[in-house]
Amino acid sequence: MMSDRLEQLFFKARQQELETQERQLTLIELVEEILRSRTICRPLVGNSLSQAQQQIYAQVKTQLLSKLSEQIDSYNPTQISVKSWMTEIRLLAIRTVLNDEHLKQLALEIQQQPPQTKLRRHLLGELVEAIQLSGRLGHPHREKFVPEFYDLIYEEAVVRTLTYVCKNIDLYDAERGQKQKFMNWVNFRLDRLIIECRREFSEPMMEDLASLDQLENLPQPESDSLLEQTREYIVSDPDNIFEKEHIRNRPDANFRTIALARFNGQSWEEISADLDIKVPTLSGFFQKSCSKFRAKFREYTSP
């Protein structure tokens, strides 16, 4: 298994003397092994890496080798597993390399590919993954919302932004103004979509019910509050609609379970740990379900 191979190379390098050719060769081999599970700079079947991919991959290898050489002897394997540590080192190396120029070059390569070709689709997938790994996506308007509600609209806005990039990559003009930075173009769209998502969440009833986090922060009457009515409706689930609405192939991760967990004060991170499902997946499903059941909530809680 790859994890076993990683550990073998790791401990082999630690046992070798510093600044020797043997250790350098082991570290190079370790770098190759770590990058086998990379999610970017992977060629389309039957093709070699594009020029932009080659440049990114070569620099990631250099960065990773440098970071391993610097940190391998100080790392304590009793605090974090070897595999987890190497995953962190790989991500750090990738983020260091994925600057705006590399992302732009990848975007320009995509523009040169004919529409609807396998290579263009493959490179678009690479670009989307690279944008997310780069850590260069902004967080506009974060200070305007409570954190939990912002997380909901942010995840949706990011998905829409990346979809926009894929559909409209040819609209990116690298020569506009002072040679426009690629991520400025991406983050400008993200800024607008945050506002758009907020507007959608502010439609009648959604302003109160788009997120239980918002409900929990609304001033509540002494009795028969909107919050309690909503909770009561979800608990009773008279039509069995909330329990039937679940994440694909996970009937246990249904809207009723997730909503009641939020009512009971569990954080998204706690629910994620309980269900072994990533927070973005949970929050995205929750947001869409709230929108789907909006009319039901309005009907049940209306006077």
# chains A, B, ... in the order shown; residues from 1 in each chain; ligands from 1
>>> select_by_dssp(residues="stretch 30-239 of chain A", states="alpha helix (DSSP H)", output="PyMOL selection string")
chain A and resi 30-34+51-71+82-97+100-111+118-134+147-167+176-179+182-201+206-209+212-217+226-236
>>> closest_atom_pairs(of="stretch 107-173 of chain A", to="stretch 279-294 of chain A", cutoff="9 Å", atoms="only C-alpha atoms", output="tab-separated table")
residue	atom	partner	partner_atom	distance
A:Asp151	CA	A:Ser283	CA	7.8
A:Leu152	CA	A:Ser283	CA	5.8
A:Ile153	CA	A:Gln287	CA	8.4
A:Glu155	CA	A:Pro280	CA	6.4
A:Glu156	CA	A:Gly284	CA	6.8
>>> write_last_selection(atoms="N, CA and C atoms", output="PDB file, in the first residue's frame")
ATOM      1  N   ASP A 151     -21.278  30.839   6.075  1.00  0.00           N
ATOM      2  CA  ASP A 151     -20.764  29.580   5.529  1.00  0.00           C
ATOM      3  C   ASP A 151     -21.724  28.978   4.512  1.00  0.00           C
ATOM      4  N   LEU A 152     -23.016  29.075   4.796  1.00  0.00           N
ATOM      5  CA  LEU A 152     -24.018  28.507   3.895  1.00  0.00           C
ATOM      6  C   LEU A 152     -24.018  29.214   2.545  1.00  0.00           C
ATOM      7  N   ILE A 153     -24.092  30.542   2.572  1.00  0.00           N
ATOM      8  CA  ILE A 153     -24.161  31.264   1.303  1.00  0.00           C
ATOM      9  C   ILE A 153     -22.804  31.253   0.602  1.00  0.00           C
ATOM     10  N   GLU A 155     -20.538  28.739   0.527  1.00  0.00           N
ATOM     11  CA  GLU A 155     -20.356  27.474  -0.188  1.00  0.00           C
ATOM     12  C   GLU A 155     -21.155  27.467  -1.485  1.00  0.00           C
ATOM     13  N   GLU A 156     -22.372  27.971  -1.436  1.00  0.00           N
ATOM     14  CA  GLU A 156     -23.192  28.027  -2.639  1.00  0.00           C
ATOM     15  C   GLU A 156     -22.586  28.986  -3.657  1.00  0.00           C
TER      16      GLU A 156
END
>>> residues_around(residues="stretch 74-84 of chain A", least_positions_apart="6", cutoff="9 Å", atoms="only C-alpha atoms", output="ChimeraX atom specification")
/A:3,6-7,10,34
>>> residues_around(residues="A:Tyr57", least_positions_apart="3", cutoff="10 Å", atoms="only C-alpha atoms", output="VMD selection string")
chain A and resid 35 38 40 to 42 49 51 to 54 60 to 63 94 97
>>> residues_around(residues="stretch 257-260 of chain A", least_positions_apart="2", cutoff="9 Å", atoms="only C-alpha atoms", output="VMD selection string")
chain A and resid 212 231 234 to 235 242 to 243 252 to 255 262 to 266 271 282 286
>>> write_last_selection(atoms="C-alpha atoms", output="CSV table (one decimal), in the first residue's frame")
chain,number,residue,atom,x,y,z
A,212,LEU,CA,-31.6,27.5,11.7
A,231,ARG,CA,-39.0,22.6,15.6
A,234,ILE,CA,-39.8,18.9,12.0
A,235,VAL,CA,-40.0,16.6,15.0
A,242,PHE,CA,-38.2,15.6,6.2
A,243,GLU,CA,-36.9,12.1,6.9
A,252,ASP,CA,-29.3,8.4,8.0
A,253,ALA,CA,-28.1,11.9,6.9
A,254,ASN,CA,-31.6,13.2,6.3
A,255,PHE,CA,-33.0,16.7,6.7
A,262,ARG,CA,-28.8,22.1,14.8
A,263,PHE,CA,-31.8,22.9,17.0
A,264,ASN,CA,-30.0,21.0,19.8
A,265,GLY,CA,-27.0,23.2,19.5
A,266,GLN,CA,-24.6,21.0,17.6
A,271,ILE,CA,-22.6,16.9,12.9
A,282,LEU,CA,-24.0,19.0,4.9
A,286,PHE,CA,-29.4,21.7,4.3
>>> atom_distance(atom1="atom CA of A:Thr39", atom2="atom CA of A:Leu91")
10.3 Å
>>> closest_atom_pairs(of="stretch 22-112 of chain A", to="stretch 172-192 of chain A", cutoff="7 Å", atoms="only C-alpha atoms", output="Markdown table")
| residue | atom | partner | partner_atom | distance |
| --- | --- | --- | --- | --- |
| A:Asp100 | CA | A:Phe182 | CA | 6.2 |
| A:Leu103 | CA | A:Phe182 | CA | 6.9 |
| A:Lys104 | CA | A:Phe182 | CA | 5.3 |
>>> residues_around(residues="stretch 45-48 of chain A", least_positions_apart="6", cutoff="12 Å", atoms="only C-alpha atoms", output="list of chain:residue names")
A:Gln54, A:Lys118, A:Leu119, A:His122, A:Leu123
>>> write_last_selection(atoms="N, CA and C atoms", output="PDB file, in the first residue's frame")
ATOM      1  N   GLN A  54       3.041  21.186 -16.655  1.00  0.00           N
ATOM      2  CA  GLN A  54       4.440  20.794 -16.460  1.00  0.00           C
ATOM      3  C   GLN A  54       5.174  21.780 -15.564  1.00  0.00           C
ATOM      4  N   LYS A 118     -12.357  16.737 -24.975  1.00  0.00           N
ATOM      5  CA  LYS A 118     -11.998  16.081 -23.719  1.00  0.00           C
ATOM      6  C   LYS A 118     -10.866  16.811 -23.013  1.00  0.00           C
ATOM      7  N   LEU A 119      -9.899  17.278 -23.771  1.00  0.00           N
ATOM      8  CA  LEU A 119      -8.764  17.964 -23.162  1.00  0.00           C
ATOM      9  C   LEU A 119      -9.190  19.268 -22.508  1.00  0.00           C
ATOM     10  N   HIS A 122     -10.938  18.402 -19.341  1.00  0.00           N
ATOM     11  CA  HIS A 122      -9.959  17.930 -18.363  1.00  0.00           C
ATOM     12  C   HIS A 122      -9.209  19.101 -17.733  1.00  0.00           C
ATOM     13  N   LEU A 123      -8.769  20.032 -18.563  1.00  0.00           N
ATOM     14  CA  LEU A 123      -8.019  21.177 -18.051  1.00  0.00           C
ATOM     15  C   LEU A 123      -8.903  22.106 -17.221  1.00  0.00           C
TER      16      LEU A 123
END
>>> atom_distance(atom1="atom CA of A:Thr161", atom2="atom CA of A:Pro114")
22.2 Å
>>> select_by_dssp(residues="stretch 95-300 of chain A", states="strand (DSSP E)", output="VMD selection string")
chain A and resid 246 to 247 250 to 254
>>> atom_distance(atom1="atom CA of A:Arg160", atom2="atom CA of A:Ile56")
25.8 Å
>>> closest_residue(among="A:Asp73, A:Glu269, A:Glu129, A:Asp170", to="A:Pro115", atoms="only C-alpha atoms")
A:Asp170
